[in-house]
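Undergrad: Handing you a structure now.
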2 protein chains.
Amino acid sequence: MTDQMTVEKDLTTGGRVGYLRIAVEEAYAPPELVRSFRDLLDRPDVDPGFESLMGFYLRSDAERPRAVQRKLQDLGDERLADMDSAGIDHAVVSLTAPGTQVLDVARAREIATVANDRIADACLWHPGRFSGLAAVGFEDASSAVVELERAVTQLGLKGLICNSHVKGHYLDEPQFYPILEAAEALGVPIYLHPQTPPAQMIGPMLDAGLDGAIFGFGVETGMHVLRLIVAGVLDRFPRLKLVVGHLGEALPYWLYRLDWMHAAQVRAARYESSKPLELTPSEYFRRNIWITTSGMAWPPAIMFCREVVGADRVLYAMDYPYQFVADEVRIQDDLPMSRDELRAFYETTAVELFNLDFPRLAQGGGDG
Amino acid sequence: MTDQMTVEKDLTTGGRVGYLRIAVEEAYAPPELVRSFRDLLDRPDVDPGFESLMGFYLRSDAERPRAVQRKLQDLGDERLADMDSAGIDHAVVSLTAPGTQVLDVARAREIATVANDRIADACLWHPGRFSGLAAVGFEDASSAVVELERAVTQLGLKGLICNSHVKGHYLDEPQFYPILEAAEALGVPIYLHPQTPPAQMIGPMLDAGLDGAIFGFGVETGMHVLRLIVAGVLDRFPRLKLVVGHLGEALPYWLYRLDWMHAAQVRAARYESSKPLELTPSEYFRRNIWITTSGMAWPPAIMFCREVVGADRVLYAMDYPYQFVADEVRIQDDLPMSRDELRAFYETTAVELFNLDFPRLAQGGGDG
C-alpha cells in the first residue's frame with residue numbers, strides 16, 4: 001500500500017496550492033476507549049468534568065455529538081473523505097481527550113498500546129495521509145517510558161499526546177519526569193491537549209456551562225503549560241518540545257503580564273514553589289513551545305500570535321472531528337502571508353517539529 | 001478647594017501632551033478594610049485564595065507588598081505625587097480587591113459606606129484629580145441598591161466596583177439582579193475587577209503559585225464576564241455597562257472560539273443553563289463591555305484588542321498601586337495611534353463611559 005500510486009492519490013492539494021496542508025491536532029478514539037468511557041460514566045464517583053464532556057458526546061442525541069462520536073473512531077474512508085473535502089493532505093492523529101488519563105492504571109496501559117498499534121496501522125496503510133502521536137498510561141511512568149520508546153522507535157510515531165491533567169495531576173510533578181526525560185531524549189514533542197478541568201477547579205465553570213471547549217479547556221491547558229514553566233521543568237529539560245493548540249490557550253495574549261508578574265512574585269519570594277528561572281516565561285515560548293491554530297481559524301488572533309511568539313512557531317491544526325469546517329481551511333489559506341510563509345505554516349514547520357517522513361517528502365515531489 | 005488655582009495645579013499634562021491621562025482602575029483601601037482583612041486572615045476557615053493574596057500583601061516583608069499596602073491606604077499626598085511622577089492627571093478610584101466581598105454581611109455594608117464616604121471626600125478635596133466608584137455589600141442586595149443610589153446620586157460616584165466573586169457566587173445569579181437593575185437604571189458602569197478564584201476553583205492554580213495576578217485573576221474574572229453573557233444577563237439588562245481590566249482578561253483573544261462553541265453547545269442543547277441568546281458572545285463585547293489596559297501595557301495586545309472589540313471600547317488604566325510603573329505610561333503614549341485616538345484612549349472614552357465631570361472639563365480647557 002505504500003507504492004507510488006497510493007502516494008500520488010494521497011496528495012490532494014500539494015500540486016495545486018504549492019504546499020501540503022498538514023493538520024496536527026486530529027483526534028482518534030479506538031472503540032475500546034469508547035467502551036471504557038461508557039463504563040466510567042456509569043460509576044457513582046465519576047469525575048464531574050468527564051461526565052460533562054463524555055456524557056454529552058456519548059449520550060446526546062444531537063447531530064454534532066453523534067457525528068463526532070462516529071468520526072472519532074474512524075481511521076479509514078470517512079476520515080479520508082473528510083480530509084479530501086476540506087483539502088487536508090496529511091493528519092497527525094492522536095488519542096482523543098481525555099484518553100488514558102481517566103482510566104485505571106492497567107486499563108490505561110492497555111488502551112495506550114491498542115491506540116498506538118491502531119494509529120501505526122493507519123499510517124502504514126495510508127503513509128501519505130497519516131502520521132500519529134503516541135499515547136501512554138501516565139500514572140505508571142516506567143511502563144509509559146517503555147511504551148513511548150516502542151511507539152516512536154518501532155511503530156514510527158512522532159510525539160506524545162498528553163490530554164492535560166492526569167486525575168488532577170500535572171506533568172510538572174516529579175513522578176512524570178521519566179516520561180519528559182524520555183520524550184526529550186527521543187527528540188519528540190509532547191502535545192498538551194485540553195480536557196475538562198479537574199474536580200478541584202471545575203466548580204463555577206461547570207455550573208455555567210463553561211467547562212468545555214468554550215472556556216474550561218483553555219483554562220486547564222493554559223494552566224498546565226504555565227505550571228511546567230514556573231516549576232522549572234523547562235530548565236530541567238531544556239530541549240523538551242511542547243505543542244499547544246487553540247493558539248496557545250490564550251497564553252500568547254498574556255505574555256507581557258506573565259513576565260511582569262512572575263518577576264514580581266519571584267522577587268518577593270511569595271511562593272515556596274515559585275523559584276527563579278533561567279529564562280522569562282515568554283522566552284520559553286520562543287524556545288520550547290510551538291503553537292497550533294486548532295479551533296482558532298481567526299486571522300487577527302493568528303497574526304497576533306505569530307507577531308508575539310514568532311512566525312516559525314505557529315502551525316496549522318484543524319481539531320477534527322470536533323471542528324470539521326472546510327471554510328476554516330479557506331480562511332487560513334487567505335491569511336496575509338507570502339506563499340513561503342503559508343508553506344511554513346501548513347507544511348514545513350510541522351514536518352520539522354514532528355520529524356515527519358511520509359512518502360511525498362521522501363520523494364522530494366509536490367513543491368507546487 | 002475647587003477654585004481655579006487648585007484646578008490648574010491639578011492638571012499636570014493636559015496642556016503638554018494634548019490629552020488628559022485618566023486612569024480608571026486605581027485601588028484604595030480604607031484602614032478599616034485592612035483591619036478586617038487582618039482579622040479574616042486569623043480565622044481557621046479562611047478562604048485559600050484570600051489567604052494567598054492578603055497573607056502576602058499584609059504579612060510579607062518584601063518591598064513590593066509593603067509599598068502596595070501603604071499606597072493603597074493613601075488618597076492624598078503620596079498618591080498625588082505618584083500620579084504626578086507618572087503623568088496621570090486623573091484617577092478613578094475604587095475599593096481594592098477583594099473589597100467587601102469576603103466580609104460578613106454587616107461588616108460588608110459598613111466598609112462599603114466608609115469607602116464610599118472616604119473616596120467621595122477625596123474627590124471633593126481634589127476634584128480635578130479623583131473620581132470614584134461605589135462599593136456595596138453584595139450579599140444584601142436591597143441595602144446594596146440603597147447604598148449604590150446614595151453613592152451615585154448624593155456622593156457623585158461614577159460606577160460600581162465588583163471584585164469578582166462574592167464568596168463563590170457570581171453576578172449572574174438572580175439574588176444580584178436588583179443591583180444590576182439599579183446600575184442600569186442609574187446609567188453607571190460596573191467594573192468587574194479580579195480577585196483570586198474561589199475555593200471550588202483555585203486548587204491546582206494555588207499549588208503552583210498561579211492563583212494571583214499572574215493567571216488566576218484573569219481566569220476568575222474572564223469566567224465572571226462569560227457567566228454574565230451566557231446566562232442571558234445582558235439580554236435581561238441590555239443597557240448594562242461592564243468594564244473589564246487587563247485587556248479584557250484574555251476574552252478578546254477567544255472571541256472567535258466563544259462564538260463558535262457557544263453556538264455549538266446551544267444548538268446541541270448541551271446545558272440546561274445555556275439558552276439561546278439575542279446576540280453572539282462577541283456582540284456583547286461591542287455593546288455592553290469596555291476594556292481597560294490595566295497591567296497590560298503591551299502594544300501588540302492593545303492594538304489587537306482595539307482591532308477586535310473596537311477602538312472606541314479600549315481605554316487606559318494603570319492598576320495603581322499594584323502596577324505603578326512610569327515607563328508603562330510612556331509605552332502607551334507611544335502607541336501607533338493618531339493624537340485624536342490617543343485622546344480617546346486616555347481621556348474622552350473614560351469621560352463618556354463614567355460620565356466624569358471634574359472641573360477641567362467643565363471649563364472646557366486643556367485641549368492641548
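Ligands are numbered from 1 in the order shown, chains are lettered A, B, ... in the order of the C-alpha cells, and residues start at 1 in each chain.
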For Leu255 in chain A, find every residue with an atom within 9 Å (counting only C-alpha atoms), except residues of its own chain fewer than 4 positions away, and show them as number ranges by chain.
TA: A: 251, 259-260, 281-282, 285, 308
Undergrad: Export C-alpha atoms of the chosen residues as a PDB file, in the first residue's frame?
TA:
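Below you can see out-v8.pdb, which holds the result:
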ATOM      1  CA  LEU A 251      -1.086  32.460  26.872  1.00  0.00           C
ATOM      2  CA  ASP A 259       6.738  38.081  32.604  1.00  0.00           C
ATOM      3  CA  TRP A 260       5.890  41.058  34.813  1.00  0.00           C
ATOM      4  CA  PRO A 281       8.167  32.882  30.850  1.00  0.00           C
ATOM      5  CA  SER A 282       7.839  34.429  27.396  1.00  0.00           C
ATOM      6  CA  PHE A 285       7.546  30.248  24.363  1.00  0.00           C
ATOM      7  CA  VAL A 308       4.492  37.789  19.633  1.00  0.00           C
TER       8      VAL A 308
END
Undergrad: I need the chain A residues near chain B as a PDB file with N, CA and C atoms, in the first residue's frame; criterion: at most 8 Å, counting only C-alpha atoms.
TA:
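Generated output (part-v1.pdb):
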ATOM      1  N   PHE A  56     -21.978  14.059  27.360  1.00  0.00           N
ATOM      2  CA  PHE A  56     -22.520  14.746  26.192  1.00  0.00           C
ATOM      3  C   PHE A  56     -22.196  13.988  24.910  1.00  0.00           C
ATOM      4  N   SER A  60     -25.690  12.129  24.098  1.00  0.00           N
ATOM      5  CA  SER A  60     -26.595  13.088  23.472  1.00  0.00           C
ATOM      6  C   SER A  60     -27.104  12.551  22.127  1.00  0.00           C
ATOM      7  N   ALA A  62     -28.107  14.748  19.850  1.00  0.00           N
ATOM      8  CA  ALA A  62     -27.962  15.864  18.914  1.00  0.00           C
ATOM      9  C   ALA A  62     -27.002  15.484  17.781  1.00  0.00           C
ATOM     10  N   GLU A  63     -27.097  16.208  16.696  1.00  0.00           N
ATOM     11  CA  GLU A  63     -26.362  15.842  15.486  1.00  0.00           C
ATOM     12  C   GLU A  63     -24.840  15.885  15.690  1.00  0.00           C
ATOM     13  N   ARG A  64     -24.386  16.987  16.296  1.00  0.00           N
ATOM     14  CA  ARG A  64     -22.936  17.159  16.405  1.00  0.00           C
ATOM     15  C   ARG A  64     -22.275  16.053  17.234  1.00  0.00           C
ATOM     16  N   PRO A  65     -22.732  15.769  18.452  1.00  0.00           N
ATOM     17  CA  PRO A  65     -22.050  14.714  19.212  1.00  0.00           C
ATOM     18  C   PRO A  65     -22.128  13.347  18.542  1.00  0.00           C
ATOM     19  N   GLY A 168      -6.168  14.981  38.001  1.00  0.00           N
ATOM     20  CA  GLY A 168      -5.832  16.128  38.846  1.00  0.00           C
ATOM     21  C   GLY A 168      -4.346  16.357  39.032  1.00  0.00           C
ATOM     22  N   GLN A 200     -11.155  19.770  41.412  1.00  0.00           N
ATOM     23  CA  GLN A 200     -10.706  20.854  42.296  1.00  0.00           C
ATOM     24  C   GLN A 200     -10.783  22.227  41.628  1.00  0.00           C
ATOM     25  N   MET A 201     -11.168  22.274  40.363  1.00  0.00           N
ATOM     26  CA  MET A 201     -11.134  23.545  39.648  1.00  0.00           C
ATOM     27  C   MET A 201     -12.397  23.830  38.846  1.00  0.00           C
ATOM     28  N   ILE A 202     -13.210  22.847  38.602  1.00  0.00           N
ATOM     29  CA  ILE A 202     -14.260  22.993  37.589  1.00  0.00           C
ATOM     30  C   ILE A 202     -15.512  23.701  38.098  1.00  0.00           C
ATOM     31  N   GLY A 203     -15.687  23.746  39.439  1.00  0.00           N
ATOM     32  CA  GLY A 203     -16.947  24.174  40.055  1.00  0.00           C
ATOM     33  C   GLY A 203     -17.747  25.239  39.324  1.00  0.00           C
ATOM     34  N   PRO A 204     -17.336  26.514  39.406  1.00  0.00           N
ATOM     35  CA  PRO A 204     -18.183  27.569  38.823  1.00  0.00           C
ATOM     36  C   PRO A 204     -18.193  27.572  37.295  1.00  0.00           C
ATOM     37  N   MET A 205     -17.243  26.892  36.661  1.00  0.00           N
ATOM     38  CA  MET A 205     -17.299  26.774  35.200  1.00  0.00           C
ATOM     39  C   MET A 205     -18.399  25.786  34.811  1.00  0.00           C
ATOM     40  N   ASP A 207     -21.069  24.892  36.547  1.00  0.00           N
ATOM     41  CA  ASP A 207     -22.394  25.455  36.852  1.00  0.00           C
ATOM     42  C   ASP A 207     -22.943  26.260  35.686  1.00  0.00           C
ATOM     43  N   ALA A 208     -22.042  26.956  34.985  1.00  0.00           N
ATOM     44  CA  ALA A 208     -22.479  27.900  33.963  1.00  0.00           C
ATOM     45  C   ALA A 208     -22.343  27.350  32.548  1.00  0.00           C
ATOM     46  N   GLY A 209     -22.010  26.063  32.408  1.00  0.00           N
ATOM     47  CA  GLY A 209     -21.821  25.512  31.060  1.00  0.00           C
ATOM     48  C   GLY A 209     -20.573  26.035  30.384  1.00  0.00           C
ATOM     49  N   LEU A 210     -19.550  26.332  31.174  1.00  0.00           N
ATOM     50  CA  LEU A 210     -18.316  26.899  30.623  1.00  0.00           C
ATOM     51  C   LEU A 210     -17.113  25.971  30.817  1.00  0.00           C
ATOM     52  N   ALA A 213     -14.979  23.209  25.735  1.00  0.00           N
ATOM     53  CA  ALA A 213     -14.143  23.901  24.761  1.00  0.00           C
ATOM     54  C   ALA A 213     -14.403  25.398  24.733  1.00  0.00           C
ATOM     55  N   ILE A 214     -15.552  25.820  25.227  1.00  0.00           N
ATOM     56  CA  ILE A 214     -15.862  27.256  25.193  1.00  0.00           C
ATOM     57  C   ILE A 214     -14.943  28.042  26.112  1.00  0.00           C
ATOM     58  N   PHE A 215     -14.454  27.432  27.208  1.00  0.00           N
ATOM     59  CA  PHE A 215     -13.623  28.191  28.152  1.00  0.00           C
ATOM     60  C   PHE A 215     -12.737  27.290  29.028  1.00  0.00           C
ATOM     61  N   VAL A 219      -8.499  27.212  30.030  1.00  0.00           N
ATOM     62  CA  VAL A 219      -8.008  27.475  31.384  1.00  0.00           C
ATOM     63  C   VAL A 219      -7.138  26.314  31.858  1.00  0.00           C
ATOM     64  N   MET A 223      -3.100  26.633  32.068  1.00  0.00           N
ATOM     65  CA  MET A 223      -2.502  26.457  33.395  1.00  0.00           C
ATOM     66  C   MET A 223      -1.455  25.352  33.391  1.00  0.00           C
ATOM     67  N   ARG A 227       2.276  25.816  34.542  1.00  0.00           N
ATOM     68  CA  ARG A 227       2.854  25.019  35.637  1.00  0.00           C
ATOM     69  C   ARG A 227       4.214  24.459  35.221  1.00  0.00           C
ATOM     70  N   VAL A 230       6.688  27.561  35.345  1.00  0.00           N
ATOM     71  CA  VAL A 230       7.065  28.156  36.637  1.00  0.00           C
ATOM     72  C   VAL A 230       7.696  27.138  37.579  1.00  0.00           C
ATOM     73  N   ALA A 231       7.422  25.852  37.360  1.00  0.00           N
ATOM     74  CA  ALA A 231       8.058  24.833  38.196  1.00  0.00           C
ATOM     75  C   ALA A 231       9.509  24.567  37.778  1.00  0.00           C
ATOM     76  N   ALA A 250      -4.552  31.018  24.919  1.00  0.00           N
ATOM     77  CA  ALA A 250      -4.567  32.431  25.341  1.00  0.00           C
ATOM     78  C   ALA A 250      -3.263  32.897  25.984  1.00  0.00           C
ATOM     79  N   TYR A 253      -1.466  35.971  24.530  1.00  0.00           N
ATOM     80  CA  TYR A 253      -2.075  37.261  24.876  1.00  0.00           C
ATOM     81  C   TYR A 253      -1.568  37.772  26.221  1.00  0.00           C
ATOM     82  N   TRP A 254      -1.170  36.840  27.090  1.00  0.00           N
ATOM     83  CA  TRP A 254      -0.774  37.172  28.463  1.00  0.00           C
ATOM     84  C   TRP A 254       0.731  37.361  28.631  1.00  0.00           C
ATOM     85  N   TYR A 256       3.133  39.494  28.272  1.00  0.00           N
ATOM     86  CA  TYR A 256       3.683  40.656  28.994  1.00  0.00           C
ATOM     87  C   TYR A 256       3.410  40.537  30.489  1.00  0.00           C
ATOM     88  N   ARG A 257       2.168  40.229  30.812  1.00  0.00           N
ATOM     89  CA  ARG A 257       1.769  40.145  32.224  1.00  0.00           C
ATOM     90  C   ARG A 257       2.418  38.939  32.919  1.00  0.00           C
ATOM     91  N   LEU A 258       2.553  37.850  32.191  1.00  0.00           N
ATOM     92  CA  LEU A 258       3.229  36.678  32.766  1.00  0.00           C
ATOM     93  C   LEU A 258       4.657  37.037  33.175  1.00  0.00           C
ATOM     94  N   MET A 261       4.490  39.679  36.212  1.00  0.00           N
ATOM     95  CA  MET A 261       4.031  39.161  37.493  1.00  0.00           C
ATOM     96  C   MET A 261       4.918  38.022  38.001  1.00  0.00           C
ATOM     97  N   HIS A 262       5.466  37.248  37.069  1.00  0.00           N
ATOM     98  CA  HIS A 262       6.382  36.199  37.518  1.00  0.00           C
ATOM     99  C   HIS A 262       7.614  36.822  38.166  1.00  0.00           C
ATOM    100  N   ALA A 264       7.794  39.710  39.558  1.00  0.00           N
ATOM    101  CA  ALA A 264       7.402  40.344  40.822  1.00  0.00           C
ATOM    102  C   ALA A 264       7.250  39.304  41.929  1.00  0.00           C
ATOM    103  N   ALA A 268       9.648  38.860  45.306  1.00  0.00           N
ATOM    104  CA  ALA A 268       9.085  38.978  46.654  1.00  0.00           C
ATOM    105  C   ALA A 268       9.071  37.634  47.380  1.00  0.00           C
ATOM    106  N   ALA A 269       9.569  36.588  46.736  1.00  0.00           N
ATOM    107  CA  ALA A 269       9.575  35.236  47.341  1.00  0.00           C
ATOM    108  C   ALA A 269       8.191  34.861  47.866  1.00  0.00           C
ATOM    109  N   ARG A 270       7.170  35.168  47.036  1.00  0.00           N
ATOM    110  CA  ARG A 270       5.801  34.961  47.503  1.00  0.00           C
ATOM    111  C   ARG A 270       5.468  33.480  47.693  1.00  0.00           C
ATOM    112  N   TYR A 271       5.975  32.647  46.804  1.00  0.00           N
ATOM    113  CA  TYR A 271       5.631  31.216  46.856  1.00  0.00           C
ATOM    114  C   TYR A 271       6.889  30.390  47.036  1.00  0.00           C
ATOM    115  N   SER A 273       7.015  27.494  45.943  1.00  0.00           N
ATOM    116  CA  SER A 273       7.123  26.730  44.695  1.00  0.00           C
ATOM    117  C   SER A 273       7.633  27.567  43.520  1.00  0.00           C
ATOM    118  N   SER A 274       7.665  28.886  43.671  1.00  0.00           N
ATOM    119  CA  SER A 274       7.993  29.753  42.535  1.00  0.00           C
ATOM    120  C   SER A 274       9.423  30.252  42.649  1.00  0.00           C
ATOM    121  N   GLY A 295      -9.103  25.068  16.132  1.00  0.00           N
ATOM    122  CA  GLY A 295     -10.278  25.748  16.668  1.00  0.00           C
ATOM    123  C   GLY A 295     -10.204  27.260  16.686  1.00  0.00           C
ATOM    124  N   MET A 296      -9.159  27.828  16.104  1.00  0.00           N
ATOM    125  CA  MET A 296      -8.959  29.280  16.174  1.00  0.00           C
ATOM    126  C   MET A 296      -8.653  29.828  14.783  1.00  0.00           C
ATOM    127  N   ALA A 297      -9.521  29.546  13.849  1.00  0.00           N
ATOM    128  CA  ALA A 297      -9.298  29.965  12.457  1.00  0.00           C
ATOM    129  C   ALA A 297      -9.664  31.433  12.293  1.00  0.00           C
ATOM    130  N   TRP A 298      -8.975  32.272  13.008  1.00  0.00           N
ATOM    131  CA  TRP A 298      -9.356  33.677  13.110  1.00  0.00           C
ATOM    132  C   TRP A 298      -8.138  34.536  12.806  1.00  0.00           C
ATOM    133  N   PRO A 300      -7.115  37.694  12.877  1.00  0.00           N
ATOM    134  CA  PRO A 300      -6.457  38.639  13.800  1.00  0.00           C
ATOM    135  C   PRO A 300      -5.664  37.938  14.907  1.00  0.00           C
ATOM    136  N   ALA A 301      -6.228  36.871  15.458  1.00  0.00           N
ATOM    137  CA  ALA A 301      -5.528  36.183  16.545  1.00  0.00           C
ATOM    138  C   ALA A 301      -4.323  35.405  16.024  1.00  0.00           C
ATOM    139  N   PHE A 304      -1.612  37.998  15.365  1.00  0.00           N
ATOM    140  CA  PHE A 304      -1.080  38.486  16.652  1.00  0.00           C
ATOM    141  C   PHE A 304      -0.134  37.459  17.258  1.00  0.00           C
ATOM    142  N   GLU A 307       3.089  37.315  15.614  1.00  0.00           N
ATOM    143  CA  GLU A 307       3.877  38.503  15.948  1.00  0.00           C
ATOM    144  C   GLU A 307       4.606  38.324  17.282  1.00  0.00           C
ATOM    145  N   VAL A 308       3.921  37.766  18.282  1.00  0.00           N
ATOM    146  CA  VAL A 308       4.492  37.789  19.633  1.00  0.00           C
ATOM    147  C   VAL A 308       5.287  36.539  20.000  1.00  0.00           C
TER     148      VAL A 308
END
Undergrad: Can you pull out every residue within 10 Å of Gln69 in chain B, counting only C-alpha atoms, but drop anything in the same chain fewer than 4 positions away, and send it as a list in words?
TA: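 My reading of the contact set: Tyr28, Ala29, Pro31, Val34, Met54, Tyr57, Leu58, Arg59, Arg64, Pro65, Gln73, Asp74, Pro321 and Tyr322 of chain B.
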Undergrad: Among range 123-366 of chain B, which residues does DSSP mark as strand (DSSP E or B) when it is run on the backbone? Keep the chain and numbering as in the structure and answer as a ChimeraX atom specification.
TA: /B:130-132,134,160-162,166,169,190-192,242-244,289-292,314-315
Undergrad: So which bits of range 143-325 of chain A end up helix (DSSP H, G or I) when you DSSP the backbone, as a PyMOL selection string?
TA: chain A and resi 143-154+174-186+199-207+216-230+233-236+246-249+251-267+281-285+299-309+311-313
Undergrad: What's around Pro174 in chain A at 12 Å? Count only C-alpha atoms, leave out sequence neighbours fewer than 4 positions away in its own chain, and write the answer as a list in words.
TA: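 Listed by chain and then number, they are Phe138, Glu139, Ala141, His169, Tyr170, Pro178, Ile179, Leu180, Glu181, Leu228, Ala231, Gly232, Val233 and Arg236 of chain A.
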Undergrad: Go through B:Lys71, B:Arg306, B:Arg313, B:His193 one by one, measure the shortest atom-to-atom distance of each to Ser294 in chain B using only C-alpha atoms, and give the residue with the smallest value.
TA: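 The shortest atom-to-atom distance to Ser294 in chain B comes from B:His193.
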Undergrad: Quick one: everything within 9 Å of Leu148 in chain B, counting only C-alpha atoms, minus sequence neighbours fewer than 5 positions away in the same chain. Send it as a VMD selection string.
TA: chain B and resid 134 to 136 143 153 157 159 to 160 179 182 to 183
Undergrad: What does the distance between CA of Leu95 in chain B and CA of Pro30 in chain B come to in Å, to one decimal place?
TA: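 Computing the Euclidean distance for CA of Leu95 in chain B and CA of Pro30 in chain B yields 8.1 Å.
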Undergrad: Could you jot down the CA of Ser94 in chain B to CA of Leu342 in chain B separation for me, Å, one decimal place?
TA: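 A separation of 23.9 Å between them.
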Undergrad: Ranking A:Asp235, A:Asp140, A:Asp104, A:Glu149 by minimum distance to Asn116 in chain A and counting only C-alpha atoms, which one comes first?
TA: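 Selected residue with least distance to Asn116 in chain A: A:Glu149.
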Undergrad: Applying 9 Å and only C-alpha atoms, which residues near Tyr320 in chain A remain after dropping the ones on its own chain fewer than 3 positions away? List them as a list in words.
TA: Ala23, Glu25, Glu26, Ala27, Tyr28, Val68, Lys71, Leu72, Arg79, Ser294, Ala317, Gln323, Phe324 and Val325 of chain A
Undergrad: Point out the residue among B:Val17, B:Ala144, B:Leu133, B:Cys123 with the least atom-to-atom distance to Val105 in chain B, counting only C-alpha atoms.
TA: B:Ala144
Undergrad: Excluding Phe217 in chain A and any residue of its chain fewer than 6 positions from it, enumerate the residues within 6 Å of it, using only C-alpha atoms, and give them as a list in words.
TA: Pro194, Gln195 and Thr196 of chain A
Undergrad: May I ask for the distance between CA of Gly248 in chain B and CA of Leu234 in chain A, given in Å to one decimal place?
TA: 29.1 Å
